[in-house]
Amino acid sequence: GAKALHYLKLSAEAGNANAFVRIGELYRDGVAVEADQKKAFEAFEKAAVAGISSAKLKLGEAYVRGLGVAPDVDRGMALISEASAEENFVASAALGGHLMSGIYTERRPEQAVRYLQQAGEGGNGSALYRLGIMYRDGDGVVSDPRKTIDYFQRAAASNVAAAQVDLAQSHALRKFGALSDPDAGLADLRRFAEDGDEAAAVSLALMTYWGSGG
């Protein structure tokens, strides 16, 4: 661990800005070194100044969440937006997620949909899943079961486990109206539960309790 960090630092000092990103990730996550959010922030900042898009996203998240630096949501969102404009689909998904949840910034569902669609077009599974939720709930868009199914299916194909469970549960509970396939939904939920998915197991338990689990 220490040796890997040593070589990364040498690479960074030699001008490899991407090495700063990896150093920041090690300090942020406490992998091979003791977690140190301030050192992580400093490494991400150096890479961001060098123009590395992924570093702008990570630095932005540090500002938004106050990791290793005093919280500055406006500055953080600006950095994430800058990375998103560089066709960084992970950044677009993060930006849409923040605007959808409203935890750290003002909630703006219509803007969230735009950024999530941008990320979804790039194949980002979490963005596709969030879009499915928004079309299911009519949040920032007109509720549309067909689009909900499409987004959930695409997210599930990207191995987003929560999307697989939500899709199966919505079918089982006939939330898609005439498009629902309750038998297939229940079968999928049982399969996910048998494979150890806790959310699917809880869903089945509740459905059984309320008499809709077969």
# chains A, B, ... in the order shown; residues from 1 in each chain; ligands from 1
call {"tool": "residues_around", "arguments": {"residues": "A:Gln169", "least_positions_apart": "2", "cutoff": "8 Å", "atoms": "only C-alpha atoms", "output": "MDAnalysis selection string"}}
result
chainID A and resid 165:167 171:173 185:186 189 203
call {"tool": "write_last_selection", "arguments": {"atoms": "N, CA and C atoms", "output": "tab-separated table (two decimals), in the first residue's frame"}}
result
chain	number	residue	atom	x	y	z
A	165	VAL	N	-35.32	-4.87	-8.85
A	165	VAL	CA	-36.32	-5.11	-7.81
A	165	VAL	C	-37.53	-4.20	-8.00
A	166	ASP	N	-37.29	-2.92	-8.28
A	166	ASP	CA	-38.40	-1.98	-8.48
A	166	ASP	C	-39.26	-2.38	-9.67
A	167	LEU	N	-38.61	-2.83	-10.73
A	167	LEU	CA	-39.34	-3.25	-11.93
A	167	LEU	C	-40.22	-4.46	-11.60
A	171	HIS	N	-44.41	-4.49	-11.39
A	171	HIS	CA	-45.21	-5.44	-12.17
A	171	HIS	C	-46.11	-6.25	-11.24
A	172	ALA	N	-45.54	-6.75	-10.15
A	172	ALA	CA	-46.30	-7.59	-9.22
A	172	ALA	C	-47.49	-6.86	-8.61
A	173	LEU	N	-47.30	-5.57	-8.35
A	173	LEU	CA	-48.36	-4.76	-7.73
A	173	LEU	C	-49.24	-4.06	-8.77
A	185	GLY	N	-43.55	-10.55	-12.48
A	185	GLY	CA	-43.00	-9.72	-11.42
A	185	GLY	C	-42.77	-10.50	-10.15
A	186	LEU	N	-43.76	-11.31	-9.76
A	186	LEU	CA	-43.62	-12.13	-8.55
A	186	LEU	C	-42.51	-13.16	-8.71
A	189	LEU	N	-39.22	-11.40	-8.30
A	189	LEU	CA	-38.98	-11.05	-6.90
A	189	LEU	C	-38.53	-12.26	-6.10
A	203	SER	N	-39.74	-6.89	0.23
A	203	SER	CA	-40.90	-6.62	-0.61
A	203	SER	C	-41.85	-7.81	-0.65
call {"tool": "residues_around", "arguments": {"residues": "A:Ala155", "least_positions_apart": "6", "cutoff": "8 Å", "atoms": "only C-alpha atoms", "output": "ChimeraX atom specification"}}
result
/A:124-129,163-164
call {"tool": "select_by_dssp", "arguments": {"residues": "stretch 2-192 of chain A", "states": "alpha helix (DSSP H)", "output": "PyMOL selection string"}}
result
chain A and resi 2-13+17-29+37-49+53-65+73-85+89-101+109-121+125-137+145-157+161-172+182-192
call {"tool": "write_last_selection", "arguments": {"atoms": "C-alpha atoms", "output": "compact mmCIF listing (two decimals), in the first residue's frame"}}
result
# COMPACT_ATOMS: atom_id res chain seq x y z
CA ALA A 2 2.65 2.48 1.04
CA LYS A 3 4.80 1.49 -1.95
CA ALA A 4 1.90 2.05 -4.36
CA LEU A 5 1.28 5.48 -2.88
CA HIS A 6 4.99 6.28 -3.17
CA TYR A 7 5.06 5.47 -6.89
CA LEU A 8 1.83 7.38 -7.50
CA LYS A 9 3.35 10.44 -5.85
CA LEU A 10 6.45 10.10 -8.01
CA SER A 11 4.26 9.88 -11.10
CA ALA A 12 2.25 12.92 -10.02
CA GLU A 13 5.38 14.94 -9.35
CA ALA A 17 -2.19 14.67 -13.25
CA ASN A 18 -4.23 11.46 -13.34
CA ALA A 19 -1.99 10.11 -10.57
CA PHE A 20 -3.35 12.85 -8.30
CA VAL A 21 -6.86 11.49 -8.92
CA ARG A 22 -5.82 8.02 -7.78
CA ILE A 23 -4.00 9.46 -4.75
CA GLY A 24 -7.14 11.37 -3.82
CA GLU A 25 -9.25 8.23 -4.12
CA LEU A 26 -6.89 6.29 -1.84
CA TYR A 27 -7.03 8.98 0.84
CA ARG A 28 -10.78 9.50 0.43
CA ASP A 29 -11.62 5.81 0.74
CA GLN A 37 -10.31 13.77 3.53
CA LYS A 38 -8.13 16.89 3.56
CA LYS A 39 -5.33 15.14 1.67
CA ALA A 40 -7.90 13.68 -0.69
CA PHE A 41 -9.29 17.15 -1.35
CA GLU A 42 -5.83 18.57 -2.02
CA ALA A 43 -5.02 15.79 -4.50
CA PHE A 44 -8.33 16.20 -6.34
CA GLU A 45 -7.78 19.96 -6.48
CA LYS A 46 -4.38 19.54 -8.16
CA ALA A 47 -5.83 17.20 -10.76
CA ALA A 48 -8.82 19.47 -11.35
CA VAL A 49 -6.57 22.49 -11.91
CA SER A 53 -12.73 15.96 -15.72
CA SER A 54 -13.12 13.17 -13.17
CA ALA A 55 -11.17 15.26 -10.66
CA LYS A 56 -13.56 18.19 -11.15
CA LEU A 57 -16.43 15.85 -10.27
CA LYS A 58 -14.68 14.49 -7.17
CA LEU A 59 -13.59 17.97 -6.06
CA GLY A 60 -17.13 19.22 -6.62
CA GLU A 61 -18.55 16.43 -4.48
CA ALA A 62 -16.03 17.28 -1.74
CA TYR A 63 -17.25 20.89 -1.73
CA VAL A 64 -20.92 19.86 -1.80
CA ARG A 65 -20.53 17.39 1.06
CA VAL A 73 -22.47 23.91 -2.41
CA ASP A 74 -22.49 26.56 -5.14
CA ARG A 75 -18.82 26.04 -5.93
CA GLY A 76 -19.24 22.27 -5.80
CA MET A 77 -22.24 22.24 -8.12
CA ALA A 78 -20.39 24.54 -10.54
CA LEU A 79 -17.47 22.10 -10.70
CA ILE A 80 -19.76 19.12 -11.24
CA SER A 81 -21.60 21.08 -13.93
CA GLU A 82 -18.29 21.88 -15.62
CA ALA A 83 -17.39 18.19 -15.68
CA SER A 84 -20.85 17.36 -17.03
CA ALA A 85 -20.37 19.84 -19.88
CA PHE A 89 -21.75 11.09 -17.88
CA VAL A 90 -20.96 10.18 -14.28
CA ALA A 91 -20.89 13.91 -13.50
CA SER A 92 -24.19 14.42 -15.35
CA ALA A 93 -25.73 11.62 -13.28
CA ALA A 94 -24.38 13.15 -10.06
CA LEU A 95 -25.68 16.60 -11.00
CA GLY A 96 -29.10 15.18 -11.85
CA GLY A 97 -29.12 13.19 -8.62
CA HIS A 98 -28.44 16.29 -6.52
CA LEU A 99 -31.13 18.29 -8.31
CA MET A 100 -33.56 15.38 -7.94
CA SER A 101 -33.00 14.77 -4.23
CA PRO A 109 -36.76 18.11 -10.84
CA GLU A 110 -37.15 19.52 -14.37
CA GLN A 111 -33.43 20.30 -14.55
CA ALA A 112 -32.66 16.94 -12.95
CA VAL A 113 -34.45 15.14 -15.78
CA ARG A 114 -32.35 16.98 -18.38
CA TYR A 115 -29.03 15.99 -16.78
CA LEU A 116 -30.18 12.44 -16.06
CA GLN A 117 -31.25 12.01 -19.69
CA GLN A 118 -27.83 13.23 -20.79
CA ALA A 119 -26.19 10.65 -18.50
CA GLY A 120 -28.65 7.95 -19.51
CA GLU A 121 -27.85 8.48 -23.19
CA GLY A 125 -27.25 2.90 -15.11
CA SER A 126 -27.96 4.98 -12.00
CA ALA A 127 -29.24 7.83 -14.19
CA LEU A 128 -31.53 5.45 -16.07
CA TYR A 129 -32.90 4.16 -12.77
CA ARG A 130 -33.56 7.66 -11.44
CA LEU A 131 -35.33 8.55 -14.68
CA GLY A 132 -37.55 5.50 -14.23
CA ILE A 133 -38.47 6.70 -10.74
CA MET A 134 -39.25 10.20 -12.01
CA TYR A 135 -41.46 8.93 -14.83
CA ARG A 136 -43.15 6.53 -12.42
CA ASP A 137 -43.90 9.29 -9.91
CA PRO A 145 -45.67 3.78 -17.31
CA ARG A 146 -44.19 2.81 -20.67
CA LYS A 147 -41.17 5.06 -20.20
CA THR A 148 -40.85 3.89 -16.60
CA ILE A 149 -40.62 0.28 -17.74
CA ASP A 150 -38.12 1.19 -20.46
CA TYR A 151 -35.83 3.08 -18.08
CA PHE A 152 -36.06 0.41 -15.37
CA GLN A 153 -35.28 -2.31 -17.92
CA ARG A 154 -32.28 -0.42 -19.26
CA ALA A 155 -31.01 0.25 -15.74
CA ALA A 156 -31.51 -3.41 -14.82
CA ALA A 157 -29.54 -4.40 -17.92
CA ALA A 161 -29.99 -4.17 -8.61
CA ALA A 162 -32.49 -1.66 -7.22
CA ALA A 163 -33.94 -1.18 -10.70
CA GLN A 164 -34.42 -4.93 -11.10
CA VAL A 165 -36.32 -5.11 -7.81
CA ASP A 166 -38.40 -1.98 -8.48
CA LEU A 167 -39.34 -3.25 -11.93
CA ALA A 168 -40.41 -6.64 -10.58
CA GLN A 169 -42.29 -5.12 -7.64
CA SER A 170 -44.12 -2.63 -9.86
CA HIS A 171 -45.21 -5.44 -12.17
CA ALA A 172 -46.30 -7.59 -9.22
CA PRO A 182 -47.87 -9.58 -12.15
CA ASP A 183 -46.91 -13.25 -12.54
CA ALA A 184 -43.54 -12.41 -14.05
CA GLY A 185 -43.00 -9.72 -11.42
CA LEU A 186 -43.62 -12.13 -8.55
CA ALA A 187 -41.41 -14.77 -10.13
CA ASP A 188 -38.57 -12.28 -10.48
CA LEU A 189 -38.98 -11.05 -6.90
CA ARG A 190 -38.79 -14.63 -5.60
CA ARG A 191 -35.68 -15.27 -7.70
CA PHE A 192 -33.98 -12.10 -6.45
call {"tool": "atom_distance", "arguments": {"atom1": "atom CA of A:Asp181", "atom2": "atom CA of A:Gly122"}}
result
28.9 Å
call {"tool": "atom_distance", "arguments": {"atom1": "atom CA of A:Tyr209", "atom2": "atom CA of A:Ser180"}}
result
21.1 Å
call {"tool": "decode", "arguments": {"residues": "stretch 36-48 of chain A", "atoms": "all heavy atoms", "output": "PDB file, in the first residue's frame"}}
result
ATOM      1  N   ASP A  36      -7.978  10.231   4.881  1.00  0.00           N
ATOM      2  CA  ASP A  36      -7.665  11.616   5.203  1.00  0.00           C
ATOM      3  C   ASP A  36      -8.351  12.484   4.152  1.00  0.00           C
ATOM      4  O   ASP A  36      -7.851  12.644   3.037  1.00  0.00           O
ATOM      5  CB  ASP A  36      -6.150  11.846   5.191  1.00  0.00           C
ATOM      6  CG  ASP A  36      -5.750  13.220   5.703  1.00  0.00           C
ATOM      7  OD1 ASP A  36      -6.481  14.191   5.421  1.00  0.00           O
ATOM      8  OD2 ASP A  36      -4.709  13.317   6.381  1.00  0.00           O
ATOM      9  N   GLN A  37      -9.520  13.034   4.497  1.00  0.00           N
ATOM     10  CA  GLN A  37     -10.309  13.772   3.532  1.00  0.00           C
ATOM     11  C   GLN A  37      -9.623  15.055   3.073  1.00  0.00           C
ATOM     12  O   GLN A  37      -9.796  15.486   1.931  1.00  0.00           O
ATOM     13  CB  GLN A  37     -11.695  14.089   4.111  1.00  0.00           C
ATOM     14  CG  GLN A  37     -12.529  12.860   4.437  1.00  0.00           C
ATOM     15  CD  GLN A  37     -12.718  11.948   3.240  1.00  0.00           C
ATOM     16  OE1 GLN A  37     -12.845  12.398   2.111  1.00  0.00           O
ATOM     17  NE2 GLN A  37     -12.739  10.637   3.480  1.00  0.00           N
ATOM     18  N   LYS A  38      -8.832  15.669   3.950  1.00  0.00           N
ATOM     19  CA  LYS A  38      -8.131  16.892   3.565  1.00  0.00           C
ATOM     20  C   LYS A  38      -7.079  16.601   2.490  1.00  0.00           C
ATOM     21  O   LYS A  38      -6.964  17.325   1.501  1.00  0.00           O
ATOM     22  CB  LYS A  38      -7.463  17.538   4.784  1.00  0.00           C
ATOM     23  CG  LYS A  38      -6.893  18.934   4.511  1.00  0.00           C
ATOM     24  CD  LYS A  38      -6.410  19.586   5.801  1.00  0.00           C
ATOM     25  CE  LYS A  38      -6.008  21.042   5.556  1.00  0.00           C
ATOM     26  NZ  LYS A  38      -4.936  21.196   4.592  1.00  0.00           N
ATOM     27  N   LYS A  39      -6.323  15.519   2.674  1.00  0.00           N
ATOM     28  CA  LYS A  39      -5.328  15.144   1.671  1.00  0.00           C
ATOM     29  C   LYS A  39      -6.007  14.720   0.371  1.00  0.00           C
ATOM     30  O   LYS A  39      -5.494  14.987  -0.723  1.00  0.00           O
ATOM     31  CB  LYS A  39      -4.438  14.022   2.206  1.00  0.00           C
ATOM     32  CG  LYS A  39      -3.456  14.478   3.279  1.00  0.00           C
ATOM     33  CD  LYS A  39      -2.557  13.331   3.733  1.00  0.00           C
ATOM     34  CE  LYS A  39      -1.550  13.817   4.771  1.00  0.00           C
ATOM     35  NZ  LYS A  39      -0.669  12.724   5.247  1.00  0.00           N
ATOM     36  N   ALA A  40      -7.151  14.071   0.501  1.00  0.00           N
ATOM     37  CA  ALA A  40      -7.901  13.685  -0.695  1.00  0.00           C
ATOM     38  C   ALA A  40      -8.326  14.927  -1.460  1.00  0.00           C
ATOM     39  O   ALA A  40      -8.166  15.016  -2.690  1.00  0.00           O
ATOM     40  CB  ALA A  40      -9.121  12.859  -0.305  1.00  0.00           C
ATOM     41  N   PHE A  41      -8.856  15.897  -0.728  1.00  0.00           N
ATOM     42  CA  PHE A  41      -9.289  17.150  -1.352  1.00  0.00           C
ATOM     43  C   PHE A  41      -8.127  17.825  -2.081  1.00  0.00           C
ATOM     44  O   PHE A  41      -8.266  18.270  -3.226  1.00  0.00           O
ATOM     45  CB  PHE A  41      -9.866  18.087  -0.294  1.00  0.00           C
ATOM     46  CG  PHE A  41     -10.162  19.463  -0.806  1.00  0.00           C
ATOM     47  CD1 PHE A  41     -11.364  19.736  -1.448  1.00  0.00           C
ATOM     48  CD2 PHE A  41      -9.242  20.486  -0.664  1.00  0.00           C
ATOM     49  CE1 PHE A  41     -11.633  21.008  -1.948  1.00  0.00           C
ATOM     50  CE2 PHE A  41      -9.499  21.761  -1.151  1.00  0.00           C
ATOM     51  CZ  PHE A  41     -10.696  22.013  -1.795  1.00  0.00           C
ATOM     52  N   GLU A  42      -6.998  17.903  -1.430  1.00  0.00           N
ATOM     53  CA  GLU A  42      -5.828  18.571  -2.021  1.00  0.00           C
ATOM     54  C   GLU A  42      -5.376  17.874  -3.305  1.00  0.00           C
ATOM     55  O   GLU A  42      -4.998  18.531  -4.279  1.00  0.00           O
ATOM     56  CB  GLU A  42      -4.689  18.615  -0.999  1.00  0.00           C
ATOM     57  CG  GLU A  42      -4.976  19.549   0.174  1.00  0.00           C
ATOM     58  CD  GLU A  42      -3.975  19.406   1.302  1.00  0.00           C
ATOM     59  OE1 GLU A  42      -3.162  18.442   1.270  1.00  0.00           O
ATOM     60  OE2 GLU A  42      -3.997  20.242   2.232  1.00  0.00           O
ATOM     61  N   ALA A  43      -5.418  16.541  -3.305  1.00  0.00           N
ATOM     62  CA  ALA A  43      -5.019  15.793  -4.500  1.00  0.00           C
ATOM     63  C   ALA A  43      -6.012  16.019  -5.634  1.00  0.00           C
ATOM     64  O   ALA A  43      -5.621  16.237  -6.792  1.00  0.00           O
ATOM     65  CB  ALA A  43      -4.901  14.312  -4.172  1.00  0.00           C
ATOM     66  N   PHE A  44      -7.316  15.967  -5.320  1.00  0.00           N
ATOM     67  CA  PHE A  44      -8.328  16.201  -6.344  1.00  0.00           C
ATOM     68  C   PHE A  44      -8.207  17.616  -6.910  1.00  0.00           C
ATOM     69  O   PHE A  44      -8.378  17.832  -8.114  1.00  0.00           O
ATOM     70  CB  PHE A  44      -9.730  15.999  -5.774  1.00  0.00           C
ATOM     71  CG  PHE A  44     -10.070  14.568  -5.434  1.00  0.00           C
ATOM     72  CD1 PHE A  44     -10.886  14.274  -4.356  1.00  0.00           C
ATOM     73  CD2 PHE A  44      -9.582  13.524  -6.196  1.00  0.00           C
ATOM     74  CE1 PHE A  44     -11.212  12.964  -4.044  1.00  0.00           C
ATOM     75  CE2 PHE A  44      -9.902  12.203  -5.898  1.00  0.00           C
ATOM     76  CZ  PHE A  44     -10.715  11.926  -4.811  1.00  0.00           C
ATOM     77  N   GLU A  45      -7.900  18.571  -6.044  1.00  0.00           N
ATOM     78  CA  GLU A  45      -7.780  19.957  -6.482  1.00  0.00           C
ATOM     79  C   GLU A  45      -6.646  20.112  -7.496  1.00  0.00           C
ATOM     80  O   GLU A  45      -6.784  20.798  -8.513  1.00  0.00           O
ATOM     81  CB  GLU A  45      -7.546  20.860  -5.277  1.00  0.00           C
ATOM     82  CG  GLU A  45      -7.564  22.346  -5.609  1.00  0.00           C
ATOM     83  CD  GLU A  45      -7.489  23.203  -4.366  1.00  0.00           C
ATOM     84  OE1 GLU A  45      -6.711  22.852  -3.451  1.00  0.00           O
ATOM     85  OE2 GLU A  45      -8.197  24.222  -4.302  1.00  0.00           O
ATOM     86  N   LYS A  46      -5.516  19.461  -7.231  1.00  0.00           N
ATOM     87  CA  LYS A  46      -4.380  19.542  -8.157  1.00  0.00           C
ATOM     88  C   LYS A  46      -4.733  18.940  -9.511  1.00  0.00           C
ATOM     89  O   LYS A  46      -4.380  19.487 -10.562  1.00  0.00           O
ATOM     90  CB  LYS A  46      -3.171  18.829  -7.551  1.00  0.00           C
ATOM     91  CG  LYS A  46      -2.555  19.577  -6.372  1.00  0.00           C
ATOM     92  CD  LYS A  46      -1.414  18.779  -5.746  1.00  0.00           C
ATOM     93  CE  LYS A  46      -0.824  19.533  -4.549  1.00  0.00           C
ATOM     94  NZ  LYS A  46       0.245  18.754  -3.872  1.00  0.00           N
ATOM     95  N   ALA A  47      -5.442  17.827  -9.497  1.00  0.00           N
ATOM     96  CA  ALA A  47      -5.832  17.195 -10.760  1.00  0.00           C
ATOM     97  C   ALA A  47      -6.879  18.031 -11.486  1.00  0.00           C
ATOM     98  O   ALA A  47      -6.858  18.136 -12.715  1.00  0.00           O
ATOM     99  CB  ALA A  47      -6.367  15.790 -10.497  1.00  0.00           C
ATOM    100  N   ALA A  48      -7.786  18.646 -10.736  1.00  0.00           N
ATOM    101  CA  ALA A  48      -8.824  19.475 -11.353  1.00  0.00           C
ATOM    102  C   ALA A  48      -8.218  20.709 -12.013  1.00  0.00           C
ATOM    103  O   ALA A  48      -8.615  21.093 -13.118  1.00  0.00           O
ATOM    104  CB  ALA A  48      -9.858  19.885 -10.303  1.00  0.00           C
TER     105      ALA A  48
END
